[in-house]
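Enquirer: Next comes query-v5.cif, mmCIF, C-alpha atoms:
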data_upload
#
loop_
_atom_site.label_atom_id
_atom_site.label_comp_id
_atom_site.auth_asym_id
_atom_site.auth_seq_id
_atom_site.Cartn_x
_atom_site.Cartn_y
_atom_site.Cartn_z
CA LEU Q 177 111.07 49.17 74.13
CA THR Q 178 108.09 50.47 75.95
CA LEU Q 179 106.49 53.77 75.15
CA LEU Q 180 107.95 55.29 78.28
CA SER Q 181 111.48 54.19 77.33
CA ARG Q 182 111.11 55.64 73.87
CA ALA Q 183 109.91 58.92 75.31
CA SER Q 184 112.87 59.03 77.70
CA LEU Q 185 115.33 58.41 74.88
CA GLY Q 186 113.71 61.12 72.81
CA LEU Q 187 113.87 63.64 75.64
CA GLY Q 188 117.51 62.72 76.32
CA GLY Q 189 118.38 63.22 72.66
CA LEU Q 190 116.64 66.59 72.65
CA ALA Q 191 118.58 67.61 75.77
CA ILE Q 192 121.92 66.65 74.22
CA LEU Q 193 121.15 68.28 70.88
CA PRO Q 194 121.76 71.93 71.99
CA ALA Q 195 125.08 71.01 73.54
CA ILE Q 196 126.45 69.48 70.34
CA CYS Q 197 124.74 71.76 67.81
CA LEU Q 198 125.17 75.16 69.46
CA PHE Q 199 128.25 77.06 70.58
CA ASP Q 200 128.79 80.42 72.27
CA VAL Q 201 131.16 83.25 71.35
CA ASP Q 202 132.05 85.37 74.38
CA GLY Q 203 132.67 89.11 74.45
CA GLY Q 204 136.03 90.08 72.97
CA GLN Q 205 136.13 86.90 70.86
CA ARG Q 206 135.41 85.90 67.29
CA ALA Q 207 134.90 82.43 65.84
CA VAL Q 208 136.35 81.06 62.62
CA MET Q 209 134.46 78.03 61.32
CA LEU Q 210 136.35 75.05 59.92
CA ASN Q 211 134.12 73.05 57.57
CA MET Q 212 135.44 69.53 57.22
CA LEU Q 213 134.22 69.42 53.59
CA THR Q 214 135.04 72.88 52.22
CA GLY Q 215 137.74 74.15 54.58
CA VAL Q 216 137.87 77.45 56.51
CA GLU Q 217 134.83 79.60 55.89
CA ASP Q 218 135.23 83.29 55.08
CA LYS Q 219 132.43 84.29 57.44
CA VAL Q 220 133.51 85.27 60.96
CA ARG Q 221 131.03 84.62 63.78
CA GLY Q 222 130.56 87.43 66.27
CA GLU Q 223 129.44 87.42 69.89
CA GLY Q 224 126.41 85.27 70.77
CA THR Q 225 125.13 81.73 70.23
CA HIS Q 226 125.55 80.07 66.84
CA PHE Q 227 124.50 76.83 65.17
CA ARG Q 228 126.87 74.16 63.88
CA VAL Q 229 126.56 70.74 62.38
CA PRO Q 230 128.19 68.25 64.74
CA TRP Q 231 131.47 66.71 63.51
CA LEU Q 232 131.17 68.65 60.27
CA MET Q 233 131.71 72.20 61.51
CA GLN Q 234 134.41 72.97 64.10
CA PRO Q 235 134.59 76.56 65.50
CA LYS Q 236 137.98 78.06 66.40
CA LEU Q 237 137.83 80.97 68.88
CA TYR Q 238 140.19 83.96 68.63
CA ASN Q 239 140.77 86.73 71.15
CA ILE Q 240 140.38 90.15 69.49
CA ARG Q 241 141.14 92.21 72.61
CA MET Q 242 144.19 94.44 72.63
CA ARG Q 243 147.17 92.62 74.17
CA PRO Q 244 150.73 93.70 75.03
CA LYS Q 245 153.91 92.20 73.65
CA LEU Q 246 157.44 93.07 74.79
CA ILE Q 247 160.30 92.48 72.37
CA GLN Q 248 163.97 92.84 73.32
CA THR Q 249 166.92 92.89 70.96
CA THR Q 250 170.64 93.67 71.12
CA THR Q 251 172.15 95.34 68.07
CA GLY Q 252 174.84 97.78 66.94
CA THR Q 253 174.59 101.48 66.18
CA LYS Q 254 176.07 103.40 63.28
CA ASP Q 255 179.25 104.08 65.27
CA LEU Q 256 179.53 100.38 66.29
CA GLN Q 257 178.24 100.78 69.84
CA ILE Q 258 176.24 97.87 71.31
CA VAL Q 259 172.77 98.81 72.59
CA THR Q 260 169.90 96.79 74.02
CA ILE Q 261 166.47 98.10 73.10
CA HIS Q 262 163.06 97.07 74.49
CA VAL Q 263 159.90 97.78 72.51
CA ARG Q 264 156.36 97.28 73.82
CA MET Q 265 153.60 96.67 71.31
CA LEU Q 266 149.82 96.67 71.80
CA PHE Q 267 148.32 94.48 69.09
CA ARG Q 268 145.10 92.73 68.07
CA PRO Q 269 144.10 90.65 65.06
CA SER Q 270 142.09 92.10 62.21
CA VAL Q 271 138.58 90.65 62.42
CA GLU Q 272 138.22 90.51 58.64
CA GLY Q 273 141.58 88.76 58.34
CA LEU Q 274 140.93 86.03 60.91
CA PRO Q 275 140.21 83.35 58.26
CA THR Q 276 143.53 84.16 56.55
CA ILE Q 277 145.35 84.15 59.89
CA HIS Q 278 143.87 80.75 60.71
CA LYS Q 279 144.84 79.34 57.32
CA THR Q 280 148.40 80.68 57.16
CA LEU Q 281 149.59 81.25 60.73
CA GLY Q 282 147.37 79.49 63.23
CA GLU Q 283 146.23 80.41 66.72
CA ASP Q 284 149.78 81.33 67.87
CA TYR Q 285 150.15 83.91 65.11
CA ASP Q 286 151.64 86.51 67.45
CA GLU Q 287 154.56 84.27 68.43
CA ARG Q 288 155.22 83.44 64.79
CA VAL Q 289 155.15 86.99 63.40
CA LEU Q 290 155.80 89.72 65.98
CA PRO Q 291 159.30 88.74 67.23
CA SER Q 292 160.69 88.41 63.71
CA ILE Q 293 159.36 91.68 62.27
CA ALA Q 294 160.10 93.64 65.47
CA ASN Q 295 163.73 92.46 65.62
CA GLU Q 296 164.27 93.18 61.93
CA VAL Q 297 162.77 96.68 62.14
CA MET Q 298 164.64 97.62 65.33
CA LYS Q 299 168.02 96.48 64.02
CA ALA Q 300 167.54 98.24 60.69
CA THR Q 301 166.44 101.49 62.37
CA VAL Q 302 169.09 101.58 65.10
CA ALA Q 303 171.83 100.99 62.51
CA GLN Q 304 170.98 104.38 60.94
CA TYR Q 305 171.86 106.35 64.10
CA ASN Q 306 174.92 106.64 66.29
CA ALA Q 307 174.77 106.11 70.04
CA GLU Q 308 174.44 109.78 70.92
CA GLN Q 309 171.62 110.35 68.44
CA LEU Q 310 169.61 107.54 70.01
CA LEU Q 311 169.52 109.66 73.17
CA THR Q 312 168.97 113.09 71.65
CA GLN Q 313 166.55 111.93 68.91
CA ARG Q 314 164.73 109.19 70.80
CA GLU Q 315 161.26 110.40 69.77
CA GLN Q 316 162.20 110.34 66.09
CA VAL Q 317 163.68 106.84 66.43
CA SER Q 318 160.52 105.64 68.19
CA GLN Q 319 158.31 107.05 65.43
CA GLU Q 320 160.34 105.34 62.71
CA ILE Q 321 160.19 102.00 64.52
CA ARG Q 322 156.45 102.42 65.11
CA LYS Q 323 155.74 103.26 61.47
CA ALA Q 324 157.78 100.35 60.12
CA ILE Q 325 156.30 97.76 62.52
CA VAL Q 326 152.74 98.91 61.83
CA MET Q 327 153.27 98.59 58.07
CA ARG Q 328 154.88 95.16 58.36
CA ALA Q 329 152.21 93.84 60.73
CA GLN Q 330 149.39 94.88 58.40
CA HIS Q 331 150.66 92.41 55.81
CA PHE Q 332 149.87 89.64 58.32
CA ASN Q 333 146.42 91.09 59.27
CA ILE Q 334 147.69 92.25 62.67
CA MET Q 335 146.68 95.71 63.90
CA MET Q 336 149.11 97.73 66.02
CA ASP Q 337 147.48 100.23 68.39
CA ASP Q 338 150.74 101.42 69.99
CA VAL Q 339 154.48 100.83 69.62
CA SER Q 340 156.91 102.53 72.01
CA ILE Q 341 160.48 102.21 73.27
CA THR Q 342 160.46 101.35 76.97
CA HIS Q 343 164.17 100.78 77.69
CA LEU Q 344 167.41 101.70 75.96
CA THR Q 345 170.67 100.57 77.52
CA TYR Q 346 174.25 100.81 76.28
CA GLY Q 347 177.35 98.72 76.72
CA LYS Q 348 179.71 99.22 79.66
CA GLU Q 349 182.36 101.02 77.60
CA PHE Q 350 179.92 103.60 76.25
CA ALA Q 351 178.35 104.11 79.70
CA ARG Q 352 181.84 104.70 81.14
CA ALA Q 353 182.62 107.18 78.36
CA ILE Q 354 179.40 109.09 79.09
CA GLU Q 355 180.24 109.21 82.79
CA GLU Q 356 183.75 110.51 82.10
CA LYS Q 357 182.37 113.12 79.73
CA GLN Q 358 179.89 114.26 82.36
CA VAL Q 359 182.63 114.52 84.99
CA ALA Q 360 184.81 116.54 82.60
CA TYR Q 361 181.90 118.85 81.84
CA GLN Q 362 181.27 119.42 85.55
CA ASP Q 363 184.96 120.17 86.13
CA ALA Q 364 184.92 122.66 83.26
CA GLU Q 365 181.84 124.36 84.71
CA ARG Q 366 183.49 124.50 88.13
CA GLN Q 367 186.63 126.10 86.69
CA LYS Q 368 184.48 128.56 84.78
CA PHE Q 369 182.71 129.49 88.00
CA MET Q 370 186.04 129.96 89.81
CA VAL Q 371 187.27 132.29 87.05
CA GLU Q 372 184.06 134.32 87.18
CA MET Q 373 184.29 134.54 90.98
CA ALA Q 374 187.92 135.75 90.75
CA ASP Q 375 186.86 138.40 88.21
CA GLN Q 376 184.11 139.57 90.55
CA GLU Q 377 186.53 139.76 93.48
CA ARG Q 378 188.99 141.73 91.34
CA LEU Q 379 186.26 144.18 90.33
CA ALA Q 380 185.18 144.50 93.97
CA THR Q 381 188.78 145.23 95.04
CA ILE Q 382 189.13 147.86 92.31
CA THR Q 383 185.85 149.49 93.33
CA ARG Q 384 186.84 149.47 97.01
CA SER Q 385 190.26 150.98 96.23
CA GLU Q 386 188.67 153.66 94.11
CA GLY Q 387 186.28 154.47 96.96
CA GLU Q 388 189.11 154.70 99.50
CA ALA Q 389 191.11 156.92 97.15
CA GLN Q 390 188.11 159.17 96.65
CA ALA Q 391 187.55 159.34 100.43
CA ALA Q 392 191.22 160.23 101.04
CA LYS Q 393 190.99 162.91 98.39
CA LEU Q 394 187.90 164.40 100.02
CA ILE Q 395 189.55 164.35 103.45
CA SER Q 396 192.67 166.02 102.06
CA GLU Q 397 190.58 168.73 100.44
CA ALA Q 398 188.65 169.25 103.68
CA LEU Q 399 191.88 169.59 105.69
CA SER Q 400 193.36 172.07 103.27
CA LYS Q 401 190.19 174.11 103.33
CA HIS Q 402 189.11 173.97 107.00
CA GLY Q 403 192.32 173.16 108.87
CA THR Q 404 192.67 170.43 111.52
CA GLY Q 405 189.15 170.72 112.85
CA LEU Q 406 188.06 167.50 111.13
CA ILE Q 407 190.99 165.59 112.68
CA GLU Q 408 190.05 166.86 116.16
CA VAL Q 409 186.46 165.74 115.60
CA ARG Q 410 187.65 162.31 114.50
CA ARG Q 411 189.97 162.12 117.55
CA ILE Q 412 187.10 162.98 119.88
CA ASP Q 413 184.89 160.33 118.25
CA ALA Q 414 187.66 157.74 118.60
CA ALA Q 415 188.23 158.66 122.28
CA LYS Q 416 184.49 158.36 122.88
CA ASP Q 417 184.42 154.89 121.36
CA ILE Q 418 187.42 153.80 123.42
CA ALA Q 419 185.85 155.14 126.62
CA GLU Q 420 182.60 153.26 125.94
CA SER Q 421 184.51 150.03 125.34
CA LEU Q 422 186.54 150.41 128.56
CA ALA Q 423 183.47 151.30 130.59
CA LYS Q 424 181.92 147.96 129.66
CA SER Q 425 185.00 145.97 130.68
CA PRO Q 426 184.93 144.52 134.27
CA ASN Q 427 188.74 144.62 134.55
CA VAL Q 428 189.05 148.42 134.31
CA MET Q 429 188.60 150.79 137.31
CA TYR Q 430 188.60 154.60 137.13
CA LEU Q 431 190.45 156.73 139.76
CA PRO Q 432 189.61 160.41 140.42
CA HIS Q 433 192.18 162.84 139.10
CA GLY Q 434 194.35 164.66 141.69
CA GLN Q 435 193.36 162.51 144.67
CA GLN Q 436 195.40 159.90 146.55
CA MET Q 437 193.85 156.60 147.53
CA LEU Q 438 195.32 153.99 149.88
CA LEU Q 439 195.27 150.90 147.75
CA ASN Q 440 197.91 148.94 149.74
CA VAL Q 441 196.79 149.36 153.34
CA ALA Q 442 199.01 146.63 154.78
CA GLY Q 443 202.15 148.10 153.24
CA SER Q 444 201.39 151.58 154.65
CA GLY Q 445 201.10 150.21 158.23
CA ARG Q 446 204.54 148.64 158.14
CA GLN Q 447 206.17 151.87 156.93
CA GLN Q 448 204.75 153.80 159.86
#
Can you give me the file's structure in the form of structure tokens?
Expert:
Amino acid sequence: LTLLSRASLGLGGLAILPAICLFDVDGGQRAVMLNMLTGVEDKVRGEGTHFRVPWLMQPKLYNIRMRPKLIQTTTGTKDLQIVTIHVRMLFRPSVEGLPTIHKTLGEDYDERVLPSIANEVMKATVAQYNAEQLLTQREQVSQEIRKAIVMRAQHFNIMMDDVSITHLTYGKEFARAIEEKQVAYQDAERQKFMVEMADQERLATITRSEGEAQAAKLISEALSKHGTGLIEVRRIDAAKDIAESLAKSPNVMYLPHGQQMLLNVAGSGRQQ
């Protein structure tokens, strides 16, 4: 080979060397190094560019960002009611435990671990409550499930940032029973309201009767004390009201007292 060819080969080798000897770890990732001679190394590589020996050291990248996982299970309550419960978990791997995760579980560790422990915890927790308590004590049930899942996940080097119940549905029979109970409660409240309204009307009638009796008593005392003057005043007031009502009617006509008026002119002519 000529000197120029040797130089070209050397430059080409130098250009390829970074690509096969260096690797990058992006933000939100960590690298676990597999040494073909000694196995998985305990050291975890952080973000940045790192050196490796080609074919001897193989990096395995893991996402350490927080990710969601939704688990659904159908189980029975303490009173043998069927419920379907959905739990959402926000998880991430423990950085210090990544070598152990890679050795024992692999890159799909979440699919291997989370469904099994979540289903076991949810079924064991729901079985301690009856169907009604799951509604009235939902926060307590959620806390127990969260505590148990967090403890179980820590044994597999998985960190749980949040565990919460998102949906809780019952079987058709229990839903129908709840609806019938609600309807019966509304009917009872309606009947209670009707009874209270009747009591109020009865009290109003009694009060009105007592008022009328008191008024009649006062009028009787006034008549016995002052004679019929009050009756004459009431008669005048009533006549005044009647006169005002008739004056506003278009079908009523007043005639002067003591005077004759020829209302039927045609009839008078024939008589003459």
Enquirer: Please return as number ranges by chain every residue within 12 Å of (152.2, 91.3, 62.4), taking into account only C-alpha atoms and the file's own coordinates.
Expert: Q: 245, 265-270, 273, 277, 281, 284-294, 297, 324-337
Enquirer: Go ahead and write the residues just picked, C-alpha atoms, as a PDB file, in the coordinates of the input.
Expert:
ATOM      1  CA  LYS Q 245     153.910  92.200  73.650  1.00  0.00           C
ATOM      2  CA  MET Q 265     153.600  96.670  71.310  1.00  0.00           C
ATOM      3  CA  LEU Q 266     149.820  96.670  71.800  1.00  0.00           C
ATOM      4  CA  PHE Q 267     148.320  94.480  69.090  1.00  0.00           C
ATOM      5  CA  ARG Q 268     145.100  92.730  68.070  1.00  0.00           C
ATOM      6  CA  PRO Q 269     144.100  90.650  65.060  1.00  0.00           C
ATOM      7  CA  SER Q 270     142.090  92.100  62.210  1.00  0.00           C
ATOM      8  CA  GLY Q 273     141.580  88.760  58.340  1.00  0.00           C
ATOM      9  CA  ILE Q 277     145.350  84.150  59.890  1.00  0.00           C
ATOM     10  CA  LEU Q 281     149.590  81.250  60.730  1.00  0.00           C
ATOM     11  CA  ASP Q 284     149.780  81.330  67.870  1.00  0.00           C
ATOM     12  CA  TYR Q 285     150.150  83.910  65.110  1.00  0.00           C
ATOM     13  CA  ASP Q 286     151.640  86.510  67.450  1.00  0.00           C
ATOM     14  CA  GLU Q 287     154.560  84.270  68.430  1.00  0.00           C
ATOM     15  CA  ARG Q 288     155.220  83.440  64.790  1.00  0.00           C
ATOM     16  CA  VAL Q 289     155.150  86.990  63.400  1.00  0.00           C
ATOM     17  CA  LEU Q 290     155.800  89.720  65.980  1.00  0.00           C
ATOM     18  CA  PRO Q 291     159.300  88.740  67.230  1.00  0.00           C
ATOM     19  CA  SER Q 292     160.690  88.410  63.710  1.00  0.00           C
ATOM     20  CA  ILE Q 293     159.360  91.680  62.270  1.00  0.00           C
ATOM     21  CA  ALA Q 294     160.100  93.640  65.470  1.00  0.00           C
ATOM     22  CA  VAL Q 297     162.770  96.680  62.140  1.00  0.00           C
ATOM     23  CA  ALA Q 324     157.780 100.350  60.120  1.00  0.00           C
ATOM     24  CA  ILE Q 325     156.300  97.760  62.520  1.00  0.00           C
ATOM     25  CA  VAL Q 326     152.740  98.910  61.830  1.00  0.00           C
ATOM     26  CA  MET Q 327     153.270  98.590  58.070  1.00  0.00           C
ATOM     27  CA  ARG Q 328     154.880  95.160  58.360  1.00  0.00           C
ATOM     28  CA  ALA Q 329     152.210  93.840  60.730  1.00  0.00           C
ATOM     29  CA  GLN Q 330     149.390  94.880  58.400  1.00  0.00           C
ATOM     30  CA  HIS Q 331     150.660  92.410  55.810  1.00  0.00           C
ATOM     31  CA  PHE Q 332     149.870  89.640  58.320  1.00  0.00           C
ATOM     32  CA  ASN Q 333     146.420  91.090  59.270  1.00  0.00           C
ATOM     33  CA  ILE Q 334     147.690  92.250  62.670  1.00  0.00           C
ATOM     34  CA  MET Q 335     146.680  95.710  63.900  1.00  0.00           C
ATOM     35  CA  MET Q 336     149.110  97.730  66.020  1.00  0.00           C
ATOM     36  CA  ASP Q 337     147.480 100.230  68.390  1.00  0.00           C
TER      37      ASP Q 337
END
Enquirer: Could you tell me which residues the PyMOL selection byres ((chain Q and resi 212-217) around 7) grabs in this file, written as a ChimeraX atom specification?
Expert: /Q:209-211,218-219,232-233,275
Enquirer: Taking 3 positions as the minimum chain separation for residues in the same chain, which residues sit within 10 Å of Q:Arg221 when counting only C-alpha atoms? Answer as a ChimeraX atom specification.
Expert: /Q:200-201,205-209,218,224-226,235-237,271
Enquirer: Those residues you just picked out, can you put them in a file as a CSV table (one decimal), in the frame of the given file with C-alpha atoms?
Expert:
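Result file is result.csv:
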chain,number,residue,atom,x,y,z
Q,200,ASP,CA,128.8,80.4,72.3
Q,201,VAL,CA,131.2,83.2,71.4
Q,205,GLN,CA,136.1,86.9,70.9
Q,206,ARG,CA,135.4,85.9,67.3
Q,207,ALA,CA,134.9,82.4,65.8
Q,208,VAL,CA,136.4,81.1,62.6
Q,209,MET,CA,134.5,78.0,61.3
Q,218,ASP,CA,135.2,83.3,55.1
Q,224,GLY,CA,126.4,85.3,70.8
Q,225,THR,CA,125.1,81.7,70.2
Q,226,HIS,CA,125.6,80.1,66.8
Q,235,PRO,CA,134.6,76.6,65.5
Q,236,LYS,CA,138.0,78.1,66.4
Q,237,LEU,CA,137.8,81.0,68.9
Q,271,VAL,CA,138.6,90.6,62.4
Enquirer: To one decimal in Å, tell me the separation between atom CA of Q:Asn306 and atom CA of Q:Arg366.
Expert: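 Interatomic distance here is 29.5 Å.
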Enquirer: Could you check which of Q:Ile247, Q:Leu256, Q:Val371, Q:Ile240 is closest to Q:Tyr346, using all atoms listed in the file?
Expert: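 Checking each candidate against Q:Tyr346, we get Q:Leu256 as the closest.
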Enquirer: So how far away is atom CA of Q:Met242 from atom CA of Q:Thr345, in Å?
Expert: 27.6 Å
Enquirer: Would you work out the distance separating atom CA of Q:Lys368 from atom CA of Q:Arg384, expressed in Å to one decimal?
Expert: 24.3 Å
Enquirer: Since the input is missing atoms for stretch 345-361 of chain Q, could you rebuild it with N, CA and C atoms and give the result as a short mmCIF file (atom, residue, chain, number, x, y, z; two decimals), keeping the file's coordinate frame?
Expert:
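Contents of selection.cif, freshly written:
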data_model
loop_
_atom_site.label_atom_id
_atom_site.label_comp_id
_atom_site.auth_asym_id
_atom_site.auth_seq_id
_atom_site.Cartn_x
_atom_site.Cartn_y
_atom_site.Cartn_z
N THR Q 345 169.46 100.67 76.72
CA THR Q 345 170.67 100.57 77.52
C THR Q 345 171.87 100.37 76.60
N TYR Q 346 173.03 100.88 77.06
CA TYR Q 346 174.25 100.81 76.28
C TYR Q 346 175.24 99.85 76.93
N GLY Q 347 176.29 99.56 76.18
CA GLY Q 347 177.35 98.72 76.72
C GLY Q 347 178.14 99.43 77.81
N LYS Q 348 178.97 98.66 78.53
CA LYS Q 348 179.71 99.22 79.66
C LYS Q 348 180.71 100.28 79.20
N GLU Q 349 181.36 100.06 78.07
CA GLU Q 349 182.36 101.02 77.60
C GLU Q 349 181.73 102.37 77.27
N PHE Q 350 180.58 102.34 76.60
CA PHE Q 350 179.92 103.60 76.25
C PHE Q 350 179.38 104.29 77.50
N ALA Q 351 178.84 103.52 78.44
CA ALA Q 351 178.35 104.11 79.70
C ALA Q 351 179.50 104.76 80.47
N ARG Q 352 180.67 104.12 80.47
CA ARG Q 352 181.84 104.70 81.14
C ARG Q 352 182.28 105.98 80.44
N ALA Q 353 182.23 105.98 79.11
CA ALA Q 353 182.62 107.18 78.36
C ALA Q 353 181.66 108.34 78.65
N ILE Q 354 180.37 108.04 78.76
CA ILE Q 354 179.40 109.09 79.09
C ILE Q 354 179.65 109.64 80.48
N GLU Q 355 179.96 108.75 81.42
CA GLU Q 355 180.24 109.21 82.79
C GLU Q 355 181.48 110.09 82.84
N GLU Q 356 182.54 109.69 82.13
CA GLU Q 356 183.75 110.51 82.10
C GLU Q 356 183.50 111.86 81.44
N LYS Q 357 182.70 111.86 80.39
CA LYS Q 357 182.37 113.12 79.73
C LYS Q 357 181.59 114.03 80.66
N GLN Q 358 180.67 113.45 81.42
CA GLN Q 358 179.89 114.26 82.36
C GLN Q 358 180.78 114.84 83.46
N VAL Q 359 181.70 114.03 83.95
CA VAL Q 359 182.63 114.52 84.99
C VAL Q 359 183.49 115.65 84.44
N ALA Q 360 184.00 115.49 83.21
CA ALA Q 360 184.81 116.54 82.60
C ALA Q 360 184.01 117.83 82.40
N TYR Q 361 182.75 117.67 82.01
CA TYR Q 361 181.90 118.85 81.84
C TYR Q 361 181.68 119.56 83.16
#
